[in-house]
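Raw contents of upload-v3.cif, mmCIF, C-alpha atoms:
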```cif
data_query
#
loop_
_atom_site.label_atom_id
_atom_site.label_comp_id
_atom_site.auth_asym_id
_atom_site.auth_seq_id
_atom_site.Cartn_x
_atom_site.Cartn_y
_atom_site.Cartn_z
CA MET Q 24 -15.90 -12.61 19.18
CA GLU Q 25 -14.42 -9.45 17.72
CA ASN Q 26 -16.03 -6.11 18.51
CA LEU Q 27 -15.19 -3.04 16.45
CA TYR Q 28 -15.41 0.53 17.71
CA LEU Q 29 -15.34 3.79 15.78
CA GLY Q 30 -13.45 6.67 17.39
CA ILE Q 31 -14.01 10.35 16.56
CA GLU Q 32 -11.79 13.13 17.93
CA THR Q 33 -12.31 16.86 17.20
CA SER Q 34 -11.51 18.53 20.53
CA CYS Q 35 -9.09 21.12 19.13
CA ASP Q 36 -7.57 21.53 15.66
CA ASP Q 37 -6.92 17.93 14.60
CA THR Q 38 -9.68 15.94 12.91
CA ALA Q 39 -9.32 12.21 13.59
CA CYS Q 40 -11.15 8.94 12.94
CA ALA Q 41 -10.14 5.41 13.86
CA LEU Q 42 -11.33 1.84 14.10
CA TYR Q 43 -10.35 -0.14 17.18
CA SER Q 44 -10.83 -3.86 17.84
CA ASN Q 45 -11.04 -5.65 21.16
CA LYS Q 46 -8.94 -8.37 19.51
CA ARG Q 47 -6.56 -6.61 17.12
CA LYS Q 48 -6.31 -3.22 18.89
CA VAL Q 49 -5.78 -0.41 16.31
CA VAL Q 50 -7.23 -1.44 12.95
CA ILE Q 51 -6.78 1.91 11.23
CA HIS Q 52 -6.43 5.51 12.34
CA ARG Q 53 -6.09 8.73 10.41
CA THR Q 54 -5.58 12.32 11.55
CA ALA Q 55 -5.90 15.46 9.46
CA MET Q 56 -3.84 18.33 10.86
CA GLN Q 57 -4.83 21.96 10.44
CA LEU Q 58 -1.86 24.14 9.49
CA ALA Q 59 -3.79 27.33 8.76
CA HIS Q 60 -3.48 28.48 12.37
CA GLU Q 61 0.27 29.11 12.17
CA ARG Q 62 -0.16 32.58 10.69
CA TYR Q 63 -2.30 33.62 13.66
CA GLY Q 64 0.12 32.44 16.33
CA GLY Q 65 -2.28 29.86 17.76
CA VAL Q 66 -5.49 27.94 17.18
CA VAL Q 67 -8.43 30.08 16.04
CA PRO Q 68 -11.59 28.34 17.28
CA GLU Q 69 -13.85 29.43 14.41
CA ILE Q 70 -11.36 28.27 11.79
CA ALA Q 71 -10.88 24.98 13.63
CA SER Q 72 -14.58 24.16 13.70
CA ARG Q 73 -15.04 25.04 10.03
CA GLU Q 74 -12.12 22.81 9.04
CA HIS Q 75 -13.59 19.94 11.05
CA MET Q 76 -16.85 20.34 9.11
CA LYS Q 77 -14.98 20.06 5.81
CA THR Q 78 -12.76 17.17 6.82
CA LEU Q 79 -14.69 14.84 9.11
CA LEU Q 80 -17.03 13.14 6.62
CA PRO Q 81 -14.34 12.36 4.00
CA LEU Q 82 -12.04 11.12 6.77
CA TYR Q 83 -14.78 8.87 8.17
CA ASP Q 84 -15.53 7.49 4.68
CA PHE Q 85 -11.84 6.76 4.14
CA VAL Q 86 -11.43 4.93 7.45
CA MET Q 87 -14.55 2.83 6.99
CA GLU Q 88 -13.58 1.95 3.41
CA LYS Q 89 -10.02 1.00 4.33
CA GLY Q 90 -11.28 -0.96 7.30
CA GLU Q 91 -13.77 -2.73 5.00
CA VAL Q 92 -16.62 -2.26 7.47
CA GLY Q 93 -20.03 -0.65 7.55
CA LEU Q 94 -22.00 0.88 10.40
CA ASP Q 95 -23.75 -2.44 11.03
CA ASP Q 96 -20.37 -4.01 11.80
CA LEU Q 97 -19.69 -1.63 14.70
CA SER Q 98 -20.27 -2.39 18.37
CA GLY Q 99 -20.01 1.25 19.38
CA ILE Q 100 -19.36 4.84 18.36
CA CYS Q 101 -16.97 6.67 20.67
CA VAL Q 102 -16.56 10.45 20.51
CA THR Q 103 -14.72 13.09 22.51
CA ASN Q 104 -17.30 15.32 24.16
CA GLY Q 105 -14.90 17.37 26.28
CA PRO Q 106 -12.89 19.16 27.36
CA GLY Q 107 -11.87 21.24 24.37
CA LEU Q 108 -13.03 24.00 22.04
CA ALA Q 109 -16.83 24.16 22.07
CA GLY Q 110 -17.28 24.58 18.32
CA SER Q 111 -14.84 21.81 17.49
CA LEU Q 112 -16.41 19.41 19.98
CA LEU Q 113 -19.89 20.10 18.60
CA VAL Q 114 -18.85 19.10 15.09
CA GLY Q 115 -17.57 15.71 16.21
CA LEU Q 116 -20.41 15.04 18.64
CA SER Q 117 -23.13 16.03 16.16
CA PHE Q 118 -21.61 13.73 13.55
CA ALA Q 119 -21.38 10.84 16.02
CA LYS Q 120 -24.96 11.38 17.17
CA GLY Q 121 -26.19 11.27 13.58
CA LEU Q 122 -24.39 7.99 12.93
CA SER Q 123 -25.71 6.46 16.14
CA TYR Q 124 -29.28 7.67 15.69
CA GLY Q 125 -29.47 6.49 12.11
CA SER Q 126 -27.94 3.07 12.72
CA GLY Q 127 -28.87 2.20 16.30
CA VAL Q 128 -25.19 1.59 17.14
CA PRO Q 129 -24.49 2.49 20.82
CA LEU Q 130 -22.91 5.90 21.48
CA THR Q 131 -20.55 6.90 24.29
CA GLY Q 132 -18.89 10.19 25.11
CA VAL Q 133 -15.22 10.04 26.11
CA HIS Q 134 -13.28 12.46 28.29
CA HIS Q 135 -10.29 13.67 26.29
CA LEU Q 136 -7.84 13.04 29.15
CA GLU Q 137 -9.03 9.47 29.62
CA GLY Q 138 -8.28 8.98 25.95
CA HIS Q 139 -4.73 10.28 26.39
CA ILE Q 140 -4.10 8.02 29.37
CA LEU Q 141 -5.38 4.98 27.48
CA ALA Q 142 -3.20 5.77 24.48
CA ASN Q 143 -0.81 3.69 26.55
CA ASP Q 144 -3.11 0.71 25.94
CA LEU Q 145 -3.04 0.92 22.16
CA GLU Q 146 0.05 -1.24 21.65
CA ASP Q 147 0.92 -2.60 25.10
CA SER Q 148 -1.33 -3.77 27.92
CA PHE Q 149 -2.32 -1.03 30.38
CA SER Q 150 -1.38 -1.84 33.97
CA SER Q 151 -3.15 -0.43 37.03
CA PRO Q 152 -3.05 0.85 39.70
CA CYS Q 153 -0.70 3.45 38.27
CA MET Q 154 0.12 7.13 38.01
CA ALA Q 155 -0.28 9.20 34.85
CA LEU Q 156 1.11 12.58 33.89
CA VAL Q 157 -1.07 14.03 31.14
CA VAL Q 158 0.81 16.92 29.59
CA SER Q 159 -0.22 18.71 26.42
CA GLY Q 160 -1.02 22.11 24.96
CA GLY Q 161 -4.16 22.43 27.05
CA HIS Q 162 -3.57 20.16 30.04
CA THR Q 163 -0.97 19.38 32.68
CA GLN Q 164 -2.36 16.98 35.27
CA LEU Q 165 -1.18 14.23 37.59
CA ILE Q 166 -3.80 11.50 37.92
CA TYR Q 167 -3.89 8.35 40.02
CA VAL Q 168 -5.54 5.49 38.15
CA GLU Q 169 -6.84 2.84 40.53
CA LYS Q 170 -8.23 1.01 37.53
CA ILE Q 171 -9.66 1.98 34.15
CA GLY Q 172 -12.70 4.09 34.96
CA LYS Q 173 -11.62 5.06 38.49
CA TYR Q 174 -9.48 8.20 38.74
CA GLU Q 175 -8.17 10.61 41.35
CA PHE Q 176 -6.85 14.07 40.47
CA LEU Q 177 -3.66 14.79 42.44
CA GLY Q 178 -2.51 18.07 40.94
CA GLY Q 179 -2.38 20.23 37.85
CA THR Q 180 -1.38 23.57 36.46
CA ARG Q 181 -2.70 26.70 38.14
CA ASP Q 182 -2.35 28.76 34.97
CA ASP Q 183 -0.80 27.68 31.67
CA ALA Q 184 -0.19 24.15 30.42
CA ALA Q 185 3.33 22.92 29.77
CA GLY Q 186 2.56 22.43 26.09
CA GLU Q 187 1.37 26.01 25.81
CA ALA Q 188 4.65 27.17 27.36
CA PHE Q 189 6.58 25.19 24.76
CA ASP Q 190 4.47 26.72 21.98
CA LYS Q 191 4.78 30.32 23.18
CA ILE Q 192 8.53 29.99 23.67
CA GLY Q 193 8.94 28.47 20.23
CA LYS Q 194 7.01 31.30 18.65
CA LEU Q 195 9.00 33.86 20.63
CA LEU Q 196 12.24 32.36 19.31
CA GLY Q 197 10.98 32.51 15.72
CA LEU Q 198 10.94 28.75 15.31
CA PRO Q 199 8.68 26.99 12.77
CA TYR Q 200 5.29 25.46 13.55
CA PRO Q 201 4.62 23.14 15.38
CA TRP Q 202 6.54 25.05 18.01
CA GLY Q 203 6.82 22.36 20.68
CA ALA Q 204 8.67 19.97 18.41
CA ALA Q 205 10.77 22.85 17.07
CA VAL Q 206 11.89 23.81 20.60
CA GLU Q 207 13.01 20.23 21.26
CA LYS Q 208 14.91 20.14 17.96
CA ALA Q 209 16.65 23.48 18.64
CA ALA Q 210 17.48 22.38 22.19
CA LYS Q 211 19.53 19.41 20.97
CA SER Q 212 22.44 21.71 20.06
CA GLY Q 213 22.00 24.08 23.03
CA ASP Q 214 23.27 24.29 26.60
CA PRO Q 215 20.50 23.53 29.12
CA GLU Q 216 22.46 25.43 31.78
CA ALA Q 217 23.05 28.57 29.71
CA PHE Q 218 20.16 30.41 31.37
CA ASP Q 219 18.64 29.80 34.79
CA PHE Q 220 14.92 29.93 34.13
CA PRO Q 221 12.46 29.57 37.04
CA ARG Q 222 10.66 26.39 38.06
CA GLY Q 223 7.21 27.48 39.19
CA LEU Q 224 6.07 26.25 42.64
CA LYS Q 225 9.34 24.36 42.98
CA ASN Q 226 9.34 24.43 46.78
CA SER Q 227 5.61 24.17 47.44
CA GLY Q 228 5.62 20.46 48.27
CA GLU Q 229 2.35 20.12 46.35
CA CYS Q 230 1.63 18.47 43.01
CA ASP Q 231 0.57 21.69 41.26
CA TYR Q 232 2.34 23.44 38.40
CA SER Q 233 2.73 27.00 37.14
CA PHE Q 234 4.29 27.98 33.83
CA SER Q 235 3.24 31.62 33.39
CA GLY Q 236 6.34 32.91 35.19
CA LEU Q 237 8.60 30.84 32.97
CA LYS Q 238 7.09 32.32 29.81
CA THR Q 239 7.62 35.83 31.17
CA ALA Q 240 11.20 35.06 32.18
CA VAL Q 241 12.03 33.73 28.72
CA ARG Q 242 10.47 36.76 27.04
CA LEU Q 243 12.41 39.19 29.24
CA LYS Q 244 15.66 37.32 28.61
CA VAL Q 245 15.12 37.33 24.85
CA GLU Q 246 14.37 41.06 24.92
CA SER Q 247 17.53 41.73 26.94
CA LEU Q 248 19.77 39.87 24.50
CA GLY Q 249 19.13 42.30 21.68
CA GLY Q 250 19.41 39.70 18.95
CA LEU Q 251 18.96 36.00 18.39
CA SER Q 252 21.77 34.08 16.75
CA SER Q 253 21.22 30.40 16.06
CA ALA Q 254 23.46 29.56 19.04
CA ILE Q 255 21.46 31.78 21.40
CA VAL Q 256 18.18 30.33 20.14
CA SER Q 257 19.48 26.84 20.86
CA ASP Q 258 20.66 27.82 24.34
CA VAL Q 259 17.36 29.51 25.22
CA ALA Q 260 15.41 26.53 23.87
CA ALA Q 261 17.55 24.05 25.81
CA SER Q 262 17.35 26.03 29.04
CA ALA Q 263 13.60 26.57 28.78
CA GLN Q 264 12.98 22.93 27.92
CA GLU Q 265 15.06 21.85 30.92
CA ALA Q 266 13.06 24.11 33.22
CA ILE Q 267 9.74 22.68 31.98
CA VAL Q 268 10.82 19.06 32.06
CA ASP Q 269 12.58 19.40 35.41
CA ILE Q 270 9.52 20.71 37.22
CA LEU Q 271 7.22 18.21 35.48
CA VAL Q 272 9.30 15.34 36.82
CA ARG Q 273 9.86 16.89 40.27
CA LYS Q 274 6.11 17.07 40.85
CA ALA Q 275 5.61 13.61 39.38
CA VAL Q 276 8.04 12.24 41.98
CA ILE Q 277 6.01 13.92 44.76
CA ALA Q 278 2.76 12.48 43.41
CA ALA Q 279 4.24 9.01 43.00
CA GLY Q 280 5.32 9.06 46.63
CA ARG Q 281 1.71 9.47 47.74
CA LYS Q 282 0.44 6.24 46.21
CA ASP Q 283 1.64 2.65 46.33
CA VAL Q 284 2.24 2.17 42.62
CA HIS Q 285 5.07 0.78 40.53
CA LYS Q 286 3.91 1.92 37.10
CA PHE Q 287 4.02 5.50 35.77
CA TYR Q 288 2.62 6.57 32.39
CA LEU Q 289 3.33 9.69 30.36
CA ALA Q 290 0.52 10.85 28.10
CA GLY Q 291 -0.38 13.77 25.83
CA GLY Q 292 1.50 15.65 23.15
CA VAL Q 293 4.42 16.65 25.38
CA ALA Q 294 4.96 12.96 26.20
CA ALA Q 295 6.66 12.83 22.79
CA ASN Q 296 9.46 15.03 24.16
CA GLY Q 297 12.64 12.98 24.38
CA ARG Q 298 14.11 14.91 27.29
CA LEU Q 299 10.94 14.42 29.35
CA ARG Q 300 11.05 10.68 28.68
CA GLU Q 301 14.72 10.54 29.60
CA LEU Q 302 14.44 12.47 32.88
CA ALA Q 303 11.22 10.72 33.95
CA SER Q 304 12.83 7.34 33.37
CA GLU Q 305 15.88 8.38 35.38
CA LYS Q 306 14.17 9.99 38.38
CA LEU Q 307 11.11 7.76 38.67
CA GLY Q 308 13.10 4.68 37.73
CA SER Q 309 15.41 5.34 40.68
CA LEU Q 310 12.33 4.95 42.89
CA GLY Q 311 11.66 1.51 41.46
CA MET Q 312 8.94 2.65 39.08
CA GLU Q 313 8.55 1.46 35.51
CA VAL Q 314 7.95 4.43 33.20
CA SER Q 315 6.09 4.03 29.90
CA TRP Q 316 4.65 6.23 27.18
CA PRO Q 317 2.75 5.77 23.91
CA ASP Q 318 4.34 5.64 20.51
CA ILE Q 319 4.87 9.18 19.23
CA LYS Q 320 2.01 8.83 16.74
CA TYR Q 321 -0.38 8.26 19.65
CA CYS Q 322 0.90 11.07 21.89
CA THR Q 323 -0.88 13.84 20.01
CA ASP Q 324 -4.67 13.99 19.66
CA ASN Q 325 -5.93 10.91 17.83
CA ALA Q 326 -9.13 8.91 17.50
CA ALA Q 327 -7.61 5.50 18.28
CA MET Q 328 -7.22 6.47 21.94
CA ILE Q 329 -10.86 7.67 22.00
CA ALA Q 330 -12.09 4.41 20.50
CA CYS Q 331 -10.05 2.43 23.01
CA ALA Q 332 -11.38 4.42 25.99
CA GLY Q 333 -14.91 4.21 24.61
CA MET Q 334 -14.62 0.45 24.25
CA TYR Q 335 -14.08 0.07 27.99
CA ARG Q 336 -17.09 2.26 28.71
CA ILE Q 337 -19.43 0.47 26.32
CA GLU Q 338 -18.31 -3.01 27.38
CA SER Q 339 -19.04 -1.93 30.98
CA GLY Q 340 -22.55 -0.85 29.97
CA LYS Q 341 -21.83 2.90 29.93
CA THR Q 342 -23.60 4.35 26.90
CA ASP Q 343 -25.09 7.76 26.23
CA ASN Q 344 -28.34 9.00 24.73
CA ILE Q 345 -28.96 11.49 21.96
CA ASP Q 346 -29.04 14.28 24.58
CA LEU Q 347 -25.30 13.87 25.30
CA ASN Q 348 -23.71 17.33 25.41
CA ILE Q 349 -20.23 18.79 25.21
CA PHE Q 350 -18.25 20.46 28.00
CA SER Q 351 -15.37 22.87 27.42
CA ARG Q 352 -13.80 22.32 30.84
CA GLY Q 353 -14.04 19.55 33.38
CA GLU Q 354 -11.91 17.18 35.43
CA LEU Q 355 -11.63 13.51 34.59
CA LYS Q 356 -14.07 11.80 36.92
CA SER Q 357 -14.56 8.15 37.81
CA TRP Q 358 -17.36 6.33 36.02
CA ARG Q 359 -17.01 2.96 37.75
#
```
Using the file provided, produce a representation of the structure as structure tokens.
Amino acid sequence: MENLYLGIETSCDDTACALYSNKRKVVIHRTAMQLAHERYGGVVPEIASREHMKTLLPLYDFVMEKGEVGLDDLSGICVTNGPGLAGSLLVGLSFAKGLSYGSGVPLTGVHHLEGHILANDLEDSFSSPCMALVVSGGHTQLIYVEKIGKYEFLGGTRDDAAGEAFDKIGKLLGLPYPWGAAVEKAAKSGDPEAFDFPRGLKNSGECDYSFSGLKTAVRLKVESLGGLSSAIVSDVAASAQEAIVDILVRKAVIAAGRKDVHKFYLAGGVAANGRLRELASEKLGSLGMEVSWPDIKYCTDNAAMIACAGMYRIESGKTDNIDLNIFSRGELKSWR
């Protein structure tokens, strides 16, 4: 018997809806990006929440129409309820609650990071126990997955996320939005050894990260150069990218050595970075680990991953009531 699940994702500045099937996997997914934030140098929470209010209902109507289903055809409504921007989360959760209350379809709240991890289940089968590196604009965490629903936090950033470092460096170099992808593009023609940028907590022996010092080092170097030719921009981008990716993988190797696993997943927006995929495959592969990542379209925030994660919760009997609330911050905790 086929069960269909609606996914809703509004944790930051992307509005997303999707239908997911326990038989066919992703039926349809759509994401509406918000580009108005570029002029402000980052996401403005108030603008983000207002855009979600404008976009969510038409996006939902489109997905349901293209999927040729109605509310009565759904087995569950799955919505991100944290972590993320409070206003943005409230828009998605309020909408999901209204659908659930009016139809009687079960509701479940999904942790955003669990969604990113299970983006690896959208096209291929997810294998556990495993390790996952969730790395995005707001998160950089190493998580041991004993099985879906049972998680152990092994380490994370003490200050800024790796994705934020990419964004700030891209903006500093005058690259176009989205800055993370622009840094990777500029780095392709640059020398990754042109500048020796720091790797935060390199010798700590722990699984934690720090990227604030790298951002400062890049800013000071750019200021000292006096001008930015296209060649210099490429060299700075390549060197900064190498510093970020190098430390991400170094800590992943430490974490992998603490658990008896043979599967390692990359997840989150930065998992789309080609150099990260290349270095992770090389270093972790040399330890006998198989390294996987989602298709690029599922690396960034999307509702298909939320529907998939929610499916596991609902089919395990984990549903939520109308009093479900949001949370802006919070670790991924086990629910099994």
Protein/DNA/RNA residues near (-3.4, 5.9, 25.8), cut 9 Å, only C-alpha atoms, as a list in words: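 Output of the proximity query reads Glu137, Gly138, His139, Ile140, Leu141, Ala142, Asn143, Asp144, Leu145, Glu146, Phe149, Tyr288, Leu289, Ala290, Gly291, Trp316, Pro317, Tyr321, Cys322, Ala327, Met328, Ile329, Cys331 and Ala332 of chain Q.
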Among the residues Q:Asp318, Q:Gly99, Q:Gly105, Q:His285, the one that comes closest to Tyr124 (chain Q) [using only C-alpha atoms]: Q:Gly99
Check which residues of region 250-273 of chain Q sit at most 6 Å from region 215-235 of chain Q using all atoms listed in the file, and return one row each with the closest pair of atoms and their distance in Å to one decimal, ordered by chain and rising number, as a tab-separated table.
```
residue	atom	partner	partner_atom	distance
Q:Asp258	CA	Q:Ala217	CA	5.9
Q:Ala261	CA	Q:Pro215	CA	4.5
Q:Ser262	CA	Q:Pro215	CA	4.0
Q:Glu265	CA	Q:Pro215	CA	6.0
Q:Ala266	CA	Q:Arg222	CA	5.9
Q:Ile270	CA	Q:Arg222	CA	5.9
```
Resolved residues for the PyMOL selection byres ((chain Q and resi 294-296) around 12) as a VMD selection string: chain Q and resid 139 to 140 142 to 143 155 to 160 162 to 163 185 to 186 189 203 to 208 210 to 211 264 to 265 267 to 268 271 to 272 288 to 293 297 to 303 314 to 324
Export C-alpha atoms of the chosen residues as a PDB file, in the frame of the given file?
```
ATOM      1  CA  HIS Q 139      -4.730  10.280  26.390  1.00  0.00           C
ATOM      2  CA  ILE Q 140      -4.100   8.020  29.370  1.00  0.00           C
ATOM      3  CA  ALA Q 142      -3.200   5.770  24.480  1.00  0.00           C
ATOM      4  CA  ASN Q 143      -0.810   3.690  26.550  1.00  0.00           C
ATOM      5  CA  ALA Q 155      -0.280   9.200  34.850  1.00  0.00           C
ATOM      6  CA  LEU Q 156       1.110  12.580  33.890  1.00  0.00           C
ATOM      7  CA  VAL Q 157      -1.070  14.030  31.140  1.00  0.00           C
ATOM      8  CA  VAL Q 158       0.810  16.920  29.590  1.00  0.00           C
ATOM      9  CA  SER Q 159      -0.220  18.710  26.420  1.00  0.00           C
ATOM     10  CA  GLY Q 160      -1.020  22.110  24.960  1.00  0.00           C
ATOM     11  CA  HIS Q 162      -3.570  20.160  30.040  1.00  0.00           C
ATOM     12  CA  THR Q 163      -0.970  19.380  32.680  1.00  0.00           C
ATOM     13  CA  ALA Q 185       3.330  22.920  29.770  1.00  0.00           C
ATOM     14  CA  GLY Q 186       2.560  22.430  26.090  1.00  0.00           C
ATOM     15  CA  PHE Q 189       6.580  25.190  24.760  1.00  0.00           C
ATOM     16  CA  GLY Q 203       6.820  22.360  20.680  1.00  0.00           C
ATOM     17  CA  ALA Q 204       8.670  19.970  18.410  1.00  0.00           C
ATOM     18  CA  ALA Q 205      10.770  22.850  17.070  1.00  0.00           C
ATOM     19  CA  VAL Q 206      11.890  23.810  20.600  1.00  0.00           C
ATOM     20  CA  GLU Q 207      13.010  20.230  21.260  1.00  0.00           C
ATOM     21  CA  LYS Q 208      14.910  20.140  17.960  1.00  0.00           C
ATOM     22  CA  ALA Q 210      17.480  22.380  22.190  1.00  0.00           C
ATOM     23  CA  LYS Q 211      19.530  19.410  20.970  1.00  0.00           C
ATOM     24  CA  GLN Q 264      12.980  22.930  27.920  1.00  0.00           C
ATOM     25  CA  GLU Q 265      15.060  21.850  30.920  1.00  0.00           C
ATOM     26  CA  ILE Q 267       9.740  22.680  31.980  1.00  0.00           C
ATOM     27  CA  VAL Q 268      10.820  19.060  32.060  1.00  0.00           C
ATOM     28  CA  LEU Q 271       7.220  18.210  35.480  1.00  0.00           C
ATOM     29  CA  VAL Q 272       9.300  15.340  36.820  1.00  0.00           C
ATOM     30  CA  TYR Q 288       2.620   6.570  32.390  1.00  0.00           C
ATOM     31  CA  LEU Q 289       3.330   9.690  30.360  1.00  0.00           C
ATOM     32  CA  ALA Q 290       0.520  10.850  28.100  1.00  0.00           C
ATOM     33  CA  GLY Q 291      -0.380  13.770  25.830  1.00  0.00           C
ATOM     34  CA  GLY Q 292       1.500  15.650  23.150  1.00  0.00           C
ATOM     35  CA  VAL Q 293       4.420  16.650  25.380  1.00  0.00           C
ATOM     36  CA  GLY Q 297      12.640  12.980  24.380  1.00  0.00           C
ATOM     37  CA  ARG Q 298      14.110  14.910  27.290  1.00  0.00           C
ATOM     38  CA  LEU Q 299      10.940  14.420  29.350  1.00  0.00           C
ATOM     39  CA  ARG Q 300      11.050  10.680  28.680  1.00  0.00           C
ATOM     40  CA  GLU Q 301      14.720  10.540  29.600  1.00  0.00           C
ATOM     41  CA  LEU Q 302      14.440  12.470  32.880  1.00  0.00           C
ATOM     42  CA  ALA Q 303      11.220  10.720  33.950  1.00  0.00           C
ATOM     43  CA  VAL Q 314       7.950   4.430  33.200  1.00  0.00           C
ATOM     44  CA  SER Q 315       6.090   4.030  29.900  1.00  0.00           C
ATOM     45  CA  TRP Q 316       4.650   6.230  27.180  1.00  0.00           C
ATOM     46  CA  PRO Q 317       2.750   5.770  23.910  1.00  0.00           C
ATOM     47  CA  ASP Q 318       4.340   5.640  20.510  1.00  0.00           C
ATOM     48  CA  ILE Q 319       4.870   9.180  19.230  1.00  0.00           C
ATOM     49  CA  LYS Q 320       2.010   8.830  16.740  1.00  0.00           C
ATOM     50  CA  TYR Q 321      -0.380   8.260  19.650  1.00  0.00           C
ATOM     51  CA  CYS Q 322       0.900  11.070  21.890  1.00  0.00           C
ATOM     52  CA  THR Q 323      -0.880  13.840  20.010  1.00  0.00           C
ATOM     53  CA  ASP Q 324      -4.670  13.990  19.660  1.00  0.00           C
TER      54      ASP Q 324
END
```
Atomic distance CA of Leu97 (chain Q) - CA of Ala330 (chain Q), expressed in Å with one decimal: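 These two atoms are separated by 11.3 Å.
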Shell around region 192-194 of chain Q at 9 Å using all atoms listed in the file, local window under 4 positions removed, as a short mmCIF file (atom, residue, chain, number, x, y, z; two decimals) with C-alpha atoms, keeping the file's coordinate frame:
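Result file is around-v2.cif:
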```cif
data_model
loop_
_atom_site.label_atom_id
_atom_site.label_comp_id
_atom_site.auth_asym_id
_atom_site.auth_seq_id
_atom_site.Cartn_x
_atom_site.Cartn_y
_atom_site.Cartn_z
CA GLY Q 64 0.12 32.44 16.33
CA GLU Q 187 1.37 26.01 25.81
CA ALA Q 188 4.65 27.17 27.36
CA LEU Q 198 10.94 28.75 15.31
CA PRO Q 199 8.68 26.99 12.77
CA TYR Q 200 5.29 25.46 13.55
CA PRO Q 201 4.62 23.14 15.38
CA TRP Q 202 6.54 25.05 18.01
CA GLY Q 203 6.82 22.36 20.68
CA ALA Q 204 8.67 19.97 18.41
CA ALA Q 205 10.77 22.85 17.07
CA VAL Q 206 11.89 23.81 20.60
CA LYS Q 238 7.09 32.32 29.81
CA VAL Q 241 12.03 33.73 28.72
CA ARG Q 242 10.47 36.76 27.04
CA VAL Q 259 17.36 29.51 25.22
CA ALA Q 260 15.41 26.53 23.87
CA ALA Q 263 13.60 26.57 28.78
#
```
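The set of protein, DNA and RNA residues with any counted atom at most 12 Å from (8.6, 12.0, 46.8) (all atoms listed in the file) reads Q:Gly228, Q:Glu229, Q:Cys230, Q:Val272, Q:Arg273, Q:Lys274, Q:Ala275, Q:Val276, Q:Ile277, Q:Ala278, Q:Ala279, Q:Gly280, Q:Arg281, Q:Lys282, Q:Asp283, Q:Lys306, Q:Leu307, Q:Ser309, Q:Leu310.
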For those residues, write C-alpha atoms to a file as a JSON list (two decimals), keeping the file's coordinate frame.
```
[["chain", "number", "residue", "atom", "x", "y", "z"],
["Q", 228, "GLY", "CA", 5.62, 20.46, 48.27],
["Q", 229, "GLU", "CA", 2.35, 20.12, 46.35],
["Q", 230, "CYS", "CA", 1.63, 18.47, 43.01],
["Q", 272, "VAL", "CA", 9.30, 15.34, 36.82],
["Q", 273, "ARG", "CA", 9.86, 16.89, 40.27],
["Q", 274, "LYS", "CA", 6.11, 17.07, 40.85],
["Q", 275, "ALA", "CA", 5.61, 13.61, 39.38],
["Q", 276, "VAL", "CA", 8.04, 12.24, 41.98],
["Q", 277, "ILE", "CA", 6.01, 13.92, 44.76],
["Q", 278, "ALA", "CA", 2.76, 12.48, 43.41],
["Q", 279, "ALA", "CA", 4.24, 9.01, 43.00],
["Q", 280, "GLY", "CA", 5.32, 9.06, 46.63],
["Q", 281, "ARG", "CA", 1.71, 9.47, 47.74],
["Q", 282, "LYS", "CA", 0.44, 6.24, 46.21],
["Q", 283, "ASP", "CA", 1.64, 2.65, 46.33],
["Q", 306, "LYS", "CA", 14.17, 9.99, 38.38],
["Q", 307, "LEU", "CA", 11.11, 7.76, 38.67],
["Q", 309, "SER", "CA", 15.41, 5.34, 40.68],
["Q", 310, "LEU", "CA", 12.33, 4.95, 42.89]]
```
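Going from CA of Ile100 (chain Q) over to CA of Ser357 (chain Q), you cover 20.3 Å.
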